[in-house]
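Visitor: Handing over structure00.tsv, TSV, C-alpha atoms.
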```
chain	number	residue	atom	x	y	z
A	1	MET	CA	1.59	18.09	12.92
A	2	ARG	CA	0.40	16.30	16.04
A	3	ALA	CA	-0.15	12.58	15.68
A	4	ARG	CA	-3.69	12.90	17.00
A	5	ARG	CA	-4.58	14.81	13.84
A	6	LEU	CA	-3.81	11.81	11.67
A	7	ILE	CA	-6.71	9.55	10.76
A	8	ALA	CA	-5.65	6.35	9.04
A	9	ALA	CA	-7.28	5.52	5.75
A	10	ALA	CA	-4.99	2.55	5.23
A	11	GLY	CA	-1.63	1.24	6.32
A	12	VAL	CA	0.05	-2.13	6.23
A	13	ALA	CA	3.47	-3.64	6.50
A	14	ALA	CA	6.06	-4.89	4.06
A	15	LEU	CA	5.73	-8.49	2.94
A	16	GLY	CA	8.39	-11.11	3.41
A	17	LEU	CA	8.43	-12.80	0.01
A	18	CYS	CA	11.10	-15.28	-0.96
A	19	SER	CA	13.29	-14.71	-3.99
A	20	LEU	CA	12.53	-16.56	-7.23
A	21	THR	CA	15.46	-18.90	-6.77
A	22	ALA	CA	14.65	-19.62	-3.13
A	23	CYS	CA	11.08	-20.53	-4.13
A	24	GLY	CA	12.25	-22.75	-6.94
A	25	LYS	CA	11.23	-20.22	-9.61
A	26	SER	CA	14.03	-18.78	-11.66
A	27	ALA	CA	12.60	-17.23	-14.83
A	28	PRO	CA	14.90	-14.23	-15.27
A	29	ASP	CA	12.29	-12.18	-17.13
A	30	VAL	CA	9.62	-12.53	-14.41
A	31	ALA	CA	9.39	-9.80	-11.78
A	32	ALA	CA	7.14	-11.67	-9.32
A	33	TYR	CA	4.76	-14.57	-8.88
A	34	VAL	CA	1.63	-14.68	-6.72
A	35	GLY	CA	0.17	-18.15	-7.14
A	36	ASP	CA	-0.68	-18.61	-10.82
A	37	THR	CA	-0.38	-14.88	-11.51
A	38	SER	CA	2.91	-13.36	-12.61
A	39	TRP	CA	4.25	-10.09	-13.96
A	40	SER	CA	7.18	-9.79	-16.31
A	41	ILE	CA	9.96	-7.28	-15.80
A	42	ALA	CA	8.79	-5.76	-19.08
A	43	ARG	CA	5.32	-5.23	-17.60
A	44	VAL	CA	6.77	-3.41	-14.58
A	45	ASP	CA	8.88	-1.28	-16.91
A	46	GLU	CA	5.84	-0.54	-19.08
A	47	LEU	CA	3.84	0.79	-16.13
A	48	TYR	CA	6.84	2.76	-14.86
A	49	ASP	CA	7.54	4.31	-18.27
A	50	ASP	CA	3.85	5.22	-18.63
A	51	VAL	CA	3.96	7.07	-15.29
A	52	GLN	CA	7.08	9.00	-16.25
A	53	ALA	CA	5.80	9.91	-19.72
A	54	LYS	CA	2.42	11.17	-18.54
A	55	TYR	CA	3.85	12.94	-15.52
A	56	GLY	CA	6.49	14.66	-17.67
A	57	GLU	CA	3.90	15.78	-20.20
A	58	ALA	CA	1.68	17.21	-17.44
A	59	VAL	CA	4.64	19.15	-16.02
A	60	ARG	CA	5.55	20.50	-19.48
A	61	GLN	CA	2.00	21.70	-20.05
A	62	ASP	CA	1.85	23.43	-16.67
A	63	ALA	CA	5.24	25.03	-17.26
A	64	ALA	CA	4.25	26.22	-20.72
A	65	ARG	CA	1.20	27.98	-19.34
A	66	ALA	CA	3.46	29.75	-16.86
A	67	GLY	CA	6.07	30.56	-19.50
A	68	ALA	CA	8.69	28.40	-17.78
A	69	THR	CA	10.98	25.57	-18.85
A	70	PRO	CA	11.13	22.60	-16.45
A	71	SER	CA	14.45	20.96	-15.63
A	72	PRO	CA	15.02	17.25	-16.36
A	73	GLU	CA	14.66	16.54	-12.65
A	74	GLN	CA	11.27	18.26	-12.56
A	75	LEU	CA	10.06	16.03	-15.36
A	76	ARG	CA	10.63	12.87	-13.34
A	77	ALA	CA	7.90	11.50	-11.08
A	78	SER	CA	8.97	10.11	-7.72
A	79	VAL	CA	7.39	6.74	-8.53
A	80	THR	CA	9.93	3.90	-8.80
A	81	ARG	CA	9.82	0.46	-10.38
A	82	GLN	CA	9.74	-0.92	-6.85
A	83	ASP	CA	6.58	1.12	-6.21
A	84	VAL	CA	5.00	-0.40	-9.30
A	85	LEU	CA	5.83	-3.95	-8.23
A	86	ASN	CA	4.66	-3.30	-4.67
A	87	LEU	CA	1.30	-2.18	-6.02
A	88	LEU	CA	0.85	-5.10	-8.40
A	89	VAL	CA	1.70	-7.74	-5.78
A	90	SER	CA	-0.33	-6.14	-2.98
A	91	LEU	CA	-3.40	-5.68	-5.16
A	92	GLU	CA	-3.33	-9.33	-6.24
A	93	LEU	CA	-2.89	-10.59	-2.69
A	94	GLY	CA	-5.62	-8.31	-1.41
A	95	LYS	CA	-8.08	-9.49	-4.06
A	96	ARG	CA	-7.30	-13.10	-3.19
A	97	VAL	CA	-7.89	-12.52	0.52
A	98	ALA	CA	-11.22	-10.83	-0.20
A	99	ALA	CA	-12.33	-13.62	-2.54
A	100	GLU	CA	-11.40	-16.38	-0.11
A	101	LYS	CA	-13.35	-14.72	2.69
A	102	ASN	CA	-16.29	-13.88	0.43
A	103	ILE	CA	-15.84	-10.16	1.02
A	104	GLN	CA	-17.39	-7.95	-1.64
A	105	VAL	CA	-15.18	-5.02	-2.67
A	106	PRO	CA	-17.16	-1.99	-3.88
A	107	ASP	CA	-15.85	0.19	-6.68
A	108	GLU	CA	-15.66	3.52	-4.87
A	109	VAL	CA	-12.35	5.19	-5.65
A	110	GLY	CA	-11.30	6.32	-9.11
A	111	PRO	CA	-7.99	7.64	-10.45
A	112	GLU	CA	-9.32	11.20	-10.57
A	113	GLN	CA	-9.65	11.14	-6.78
A	114	LEU	CA	-6.03	10.08	-6.31
A	115	GLN	CA	-4.06	11.91	-8.99
A	116	GLN	CA	-3.32	14.99	-6.90
A	117	ALA	CA	-2.24	13.03	-3.82
A	118	LEU	CA	-0.14	10.58	-5.83
A	119	GLY	CA	1.29	13.30	-8.05
A	120	VAL	CA	0.55	11.12	-11.09
A	121	PRO	CA	-2.05	11.96	-13.79
A	122	ALA	CA	-5.31	10.02	-13.67
A	123	THR	CA	-4.62	8.80	-17.21
A	124	ALA	CA	-1.70	6.67	-16.00
A	125	GLU	CA	-2.52	2.99	-15.45
A	126	TYR	CA	-0.58	3.15	-12.19
A	127	THR	CA	-3.11	5.65	-10.83
A	128	ARG	CA	-6.02	3.45	-11.93
A	129	LEU	CA	-4.47	0.47	-10.17
A	130	TRP	CA	-4.07	2.59	-7.05
A	131	GLY	CA	-7.82	3.25	-7.15
A	132	GLU	CA	-8.47	-0.51	-7.18
A	133	TRP	CA	-5.99	-0.99	-4.35
A	134	VAL	CA	-7.61	1.64	-2.14
A	135	ASP	CA	-11.00	-0.04	-2.60
A	136	VAL	CA	-9.55	-3.42	-1.59
A	137	LEU	CA	-7.54	-2.03	1.29
A	138	GLN	CA	-10.32	0.02	2.81
A	139	THR	CA	-12.70	-2.92	2.56
A	140	LEU	CA	-10.28	-5.27	4.29
A	141	ASN	CA	-9.63	-2.65	6.95
A	142	ARG	CA	-13.35	-2.60	7.70
A	143	GLN	CA	-13.99	-6.32	7.49
A	144	LEU	CA	-11.01	-7.99	9.17
A	145	PRO	CA	-10.98	-8.11	12.97
A	146	PRO	CA	-8.29	-5.82	14.41
A	147	ALA	CA	-5.05	-7.30	15.72
A	148	GLU	CA	-3.62	-6.95	19.19
A	149	LEU	CA	-0.38	-4.97	19.06
A	150	SER	CA	2.79	-4.72	21.08
A	151	ASP	CA	4.55	-1.44	21.83
A	152	ASP	CA	7.02	-2.34	19.08
A	153	ALA	CA	4.22	-2.53	16.52
A	154	VAL	CA	2.79	0.82	17.58
A	155	MET	CA	6.23	2.39	17.30
A	156	ALA	CA	6.85	0.74	13.91
A	157	VAL	CA	3.77	2.46	12.51
A	158	TYR	CA	4.68	5.73	14.20
A	159	GLY	CA	8.28	5.58	12.97
A	160	ALA	CA	7.20	4.94	9.39
A	161	ILE	CA	4.86	7.93	9.39
A	162	ALA	CA	7.39	10.11	11.19
A	163	LYS	CA	9.93	9.46	8.42
A	164	THR	CA	7.64	11.29	6.03
A	165	GLY	CA	7.67	14.35	8.27
A	166	ALA	CA	3.90	14.19	8.67
A	167	ILE	CA	4.17	13.95	12.46
A	168	GLU	CA	6.85	15.01	14.90
A	169	SER	CA	9.66	12.57	15.65
A	170	GLY	CA	11.20	11.65	18.96
A	171	MET	CA	8.00	10.76	20.81
A	172	THR	CA	8.04	8.03	23.45
A	173	VAL	CA	5.82	4.97	23.23
A	174	ASP	CA	3.53	6.40	25.90
A	175	GLN	CA	3.23	9.66	23.99
A	176	VAL	CA	2.52	7.81	20.74
A	177	ARG	CA	-0.13	5.61	22.36
A	178	GLN	CA	-1.77	8.67	23.82
A	179	ALA	CA	-1.62	10.49	20.49
A	180	PHE	CA	-2.99	7.49	18.59
A	181	GLY	CA	-5.90	7.11	21.02
A	182	ASP	CA	-7.20	3.54	20.99
A	183	GLY	CA	-4.79	2.73	18.17
A	184	GLY	CA	-7.59	1.39	16.01
A	185	PHE	CA	-5.91	2.24	12.73
A	186	VAL	CA	-2.72	0.48	13.82
A	187	ARG	CA	-4.62	-2.67	14.78
A	188	SER	CA	-6.61	-2.76	11.54
A	189	ALA	CA	-3.50	-2.06	9.47
A	190	SER	CA	-1.63	-4.90	11.11
A	191	ALA	CA	-4.58	-7.27	10.64
A	192	VAL	CA	-4.50	-6.55	6.91
A	193	SER	CA	-0.75	-7.02	6.87
A	194	ALA	CA	-1.08	-10.40	8.58
A	195	ALA	CA	-3.77	-11.51	6.12
A	196	LEU	CA	-1.67	-10.56	3.09
A	197	GLN	CA	1.41	-12.17	4.59
A	198	GLU	CA	-0.52	-15.39	5.22
A	199	GLU	CA	-1.82	-15.39	1.66
A	200	ALA	CA	1.67	-14.73	0.27
A	201	GLU	CA	2.97	-17.76	2.13
A	202	ARG	CA	0.00	-19.92	1.12
A	203	VAL	CA	0.45	-19.30	-2.62
A	204	ASP	CA	4.25	-19.36	-2.48
A	205	ALA	CA	4.58	-15.76	-3.66
A	206	SER	CA	8.05	-14.78	-4.81
A	207	VAL	CA	9.90	-11.80	-6.20
A	208	ASN	CA	12.86	-11.45	-8.55
A	209	PRO	CA	16.01	-10.60	-6.55
A	210	ARG	CA	16.64	-7.60	-8.79
A	211	TYR	CA	13.92	-5.86	-6.75
A	212	GLY	CA	13.93	-5.09	-3.06
A	213	GLN	CA	11.63	-6.45	-0.39
A	214	VAL	CA	8.03	-5.99	-1.44
A	215	GLY	CA	6.27	-3.35	0.62
A	216	VAL	CA	2.53	-2.90	0.88
A	217	PRO	CA	1.47	0.64	-0.15
A	218	SER	CA	0.15	2.58	2.83
A	219	PHE	CA	-1.29	6.00	3.52
A	220	VAL	CA	-2.98	8.12	6.16
A	221	ASN	CA	-5.16	11.18	5.97
A	222	SER	CA	-3.72	14.33	7.47
A	223	ALA	CA	-4.87	17.93	7.66
A	224	GLN	CA	-2.63	18.57	4.64
A	225	GLY	CA	-3.98	15.64	2.63
A	226	LEU	CA	-2.89	12.05	2.08
A	227	VAL	CA	0.49	10.97	3.40
A	228	PHE	CA	2.00	7.90	1.71
A	229	TYR	CA	4.40	5.72	3.67
A	230	SER	CA	5.82	2.20	3.91
A	231	LEU	CA	6.32	0.24	7.10
A	232	PRO	CA	9.26	-2.04	7.91
A	233	TYR	CA	8.72	-5.78	7.68
A	234	ILE	CA	6.10	-6.99	10.19
A	235	ASN	CA	4.77	-10.52	10.37
A	236	HIS	CA	3.72	-13.03	13.02
A	237	ASP	CA	7.29	-13.08	14.34
A	238	GLY	CA	7.89	-9.34	14.04
A	239	PRO	CA	6.65	-6.61	16.37
A	240	VAL	CA	3.03	-7.62	15.80
A	241	THR	CA	1.78	-10.18	18.34
A	242	ASP	CA	-1.35	-12.19	19.11
A	243	ILE	CA	-2.85	-12.05	15.64
A	244	SER	CA	-5.57	-14.63	15.16
A	245	THR	CA	-6.60	-15.91	11.76
A	246	PRO	CA	-8.61	-12.99	10.37
A	247	GLU	CA	-12.25	-13.58	9.52
A	248	PRO	CA	-14.63	-11.00	8.07
A	249	ALA	CA	-16.57	-8.99	10.60
A	250	ALA	CA	-20.35	-9.38	10.48
A	251	PRO	CA	-21.92	-6.42	8.67
A	252	ALA	CA	-24.20	-4.14	10.60
A	253	ASP	CA	-27.93	-4.15	9.87
A	254	GLY	CA	-28.57	-2.56	6.51
A	255	GLU	CA	-24.90	-2.66	5.53
A	256	THR	CA	-23.48	-4.81	2.76
A	257	ALA	CA	-20.50	-7.08	3.33
A	258	GLY	CA	-18.29	-4.55	1.60
A	259	GLY	CA	-19.14	-1.83	4.09
A	260	THR	CA	-19.41	1.83	3.28
A	261	ALA	CA	-16.81	4.26	2.10
A	262	GLY	CA	-14.41	5.36	4.78
```
Written as structure tokens, how would this file's structure read?

Guide:
Amino acid sequence: MRARRLIAAAGVAALGLCSLTACGKSAPDVAAYVGDTSWSIARVDELYDDVQAKYGEAVRQDAARAGATPSPEQLRASVTRQDVLNLLVSLELGKRVAAEKNIQVPDEVGPEQLQQALGVPATAEYTRLWGEWVDVLQTLNRQLPPAELSDDAVMAVYGAIAKTGAIESGMTVDQVRQAFGDGGFVRSASAVSAALQEEAERVDASVNPRYGQVGVPSFVNSAQGLVFYSLPYINHDGPVTDISTPEPAAPADGETAGGTAG
């Protein structure tokens, strides 16, 4: 697939959150803190187990209708506990950024719209949370002013998408810039990333060292459907440069602060 055929719906970088011990928080049963909000390891496990149970049941039902017996591997969803934590932390940070900037987030995306792309039944709480996250992410993408990017930032986004196989690998920076056009989706994605990173630092967000580095869930639209990916760590000192403090863009005449569905 040519890169020019990809239209970004959302995409942001991984967050640099300190470990619980480094932040002075050491509760062993807590998965992560974002300000006064926290999630226990048990809560992460609960959401993960719910995904696996409902995915497995859906696979069994489909297989039964076809007269087949699924293997144990086929009964396991690709969602990981890290994915669950990434979603919880990113959603909380995104909501905080929107609230602080007085950005209204419309309720536009439901779990039924995402279940096929995610490969997780709409009845799973994880899928419902993804619907909330898409609403927040798309709103911030519309409302935050785009960031100025270096070649490294453009290639970081390209490399992350290329790892999924959604676009061809091995392109040069000039080829990627040409394929991405004005690079608007990269600039908006990086602006959101910077805003979440700033909020994470402001509220002293932290994650239990049993988990990996928190990544912000990302996706693009392709001719074949949604492509989910995760970027490497980008912050003010990473490949992204010249990012000013994001402020909400003024809505156009007749448009609410939350914008319209993208």

Visitor: Calculate how many Å separate CA of Leu118 (chain A) from CA of Arg43 (chain A), rounding to one decimal.

Guide: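 Here the two named atoms are 20.5 Å from each other.
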
Visitor: For a test of reading the model, state the distance in Å between CA of Leu196 (chain A) and CA of Ser90 (chain A), rounded to one decimal.

Guide: 7.6 Å

Visitor: Considering all atoms listed in the file, can you say which of A:Tyr229, A:Phe185, A:Tyr211, A:Phe219 comes closest to Arg142 (chain A)?

Guide: A:Phe185

Visitor: Between CA of Val136 (chain A) and CA of Asp29 (chain A), what distance in Å does the model show, to one decimal?

Guide: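 Atom-to-atom, CA of Val136 (chain A) and CA of Asp29 (chain A) are spaced 28.2 Å apart.
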
Visitor: Near Thr123 (chain A), within 12 Å and counting only C-alpha atoms, which residues show up once chain neighbours fewer than 2 positions away are dropped, as a PDB file with C-alpha atoms, in the frame of the given file?

Guide:
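Writing done, so here's out.pdb:
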```
ATOM      1  CA  LEU A  47       3.840   0.790 -16.130  1.00  0.00           C
ATOM      2  CA  ASP A  50       3.850   5.220 -18.630  1.00  0.00           C
ATOM      3  CA  VAL A  51       3.960   7.070 -15.290  1.00  0.00           C
ATOM      4  CA  GLN A  52       7.080   9.000 -16.250  1.00  0.00           C
ATOM      5  CA  ALA A  53       5.800   9.910 -19.720  1.00  0.00           C
ATOM      6  CA  LYS A  54       2.420  11.170 -18.540  1.00  0.00           C
ATOM      7  CA  TYR A  55       3.850  12.940 -15.520  1.00  0.00           C
ATOM      8  CA  GLU A  57       3.900  15.780 -20.200  1.00  0.00           C
ATOM      9  CA  ALA A  58       1.680  17.210 -17.440  1.00  0.00           C
ATOM     10  CA  GLY A 110     -11.300   6.320  -9.110  1.00  0.00           C
ATOM     11  CA  PRO A 111      -7.990   7.640 -10.450  1.00  0.00           C
ATOM     12  CA  GLU A 112      -9.320  11.200 -10.570  1.00  0.00           C
ATOM     13  CA  GLN A 113      -9.650  11.140  -6.780  1.00  0.00           C
ATOM     14  CA  LEU A 114      -6.030  10.080  -6.310  1.00  0.00           C
ATOM     15  CA  GLN A 115      -4.060  11.910  -8.990  1.00  0.00           C
ATOM     16  CA  GLY A 119       1.290  13.300  -8.050  1.00  0.00           C
ATOM     17  CA  VAL A 120       0.550  11.120 -11.090  1.00  0.00           C
ATOM     18  CA  PRO A 121      -2.050  11.960 -13.790  1.00  0.00           C
ATOM     19  CA  GLU A 125      -2.520   2.990 -15.450  1.00  0.00           C
ATOM     20  CA  TYR A 126      -0.580   3.150 -12.190  1.00  0.00           C
ATOM     21  CA  THR A 127      -3.110   5.650 -10.830  1.00  0.00           C
ATOM     22  CA  ARG A 128      -6.020   3.450 -11.930  1.00  0.00           C
ATOM     23  CA  LEU A 129      -4.470   0.470 -10.170  1.00  0.00           C
ATOM     24  CA  TRP A 130      -4.070   2.590  -7.050  1.00  0.00           C
ATOM     25  CA  GLY A 131      -7.820   3.250  -7.150  1.00  0.00           C
TER      26      GLY A 131
END
```

Visitor: Which of these, A:Val173, A:Met155, A:Leu85, A:Ala179, has the shortest distance to Glu46 (chain A) once you count only C-alpha atoms?

Guide: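 Closest to Glu46 (chain A), using only C-alpha atoms: A:Leu85.
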
Visitor: If I put a ball of radius 9 Å at (3.9, -1.4, 18.5) in the file's coordinates, which residues poke into it when counting all atoms listed in the file, written as number ranges by chain?

Guide: A: 149-158, 173, 177, 186, 239-240

Visitor: Would you list the contacts of Asp45 (chain A) as a list in words, taking every protein, DNA or RNA residue within 9 Å and counting all atoms listed in the file, but skipping same-chain residues closer than 4 positions in sequence?

Guide: Ser40, Ile41, Asp49, Asp50, Arg81 and Val84 of chain A

Visitor: Which of these, A:Ile167, A:Asp135, A:Ala205, A:Gln197, has the shortest distance to Phe180 (chain A) once you count all atoms listed in the file?

Guide: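 Of the candidates, the smallest distance to Phe180 (chain A) is held by A:Ile167.
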
Visitor: So for region 121-132 of chain A, what box centre and size do we get, axis-aligned, 6 Å extra on each of the six sides, every listed atom, Å to one decimal, as JSON?

Guide:
```
{"center_x": -4.5, "center_y": 5.7, "center_z": -12.1, "size_x": 19.9, "size_y": 24.5, "size_z": 22.2}
```

Visitor: Within 7 Å of Tyr33 (chain A), counting all atoms listed in the file, which residues qualify if same-chain residues fewer than 3 places away don't, as a VMD selection string?

Guide: chain A and resid 37 to 39 205 to 207
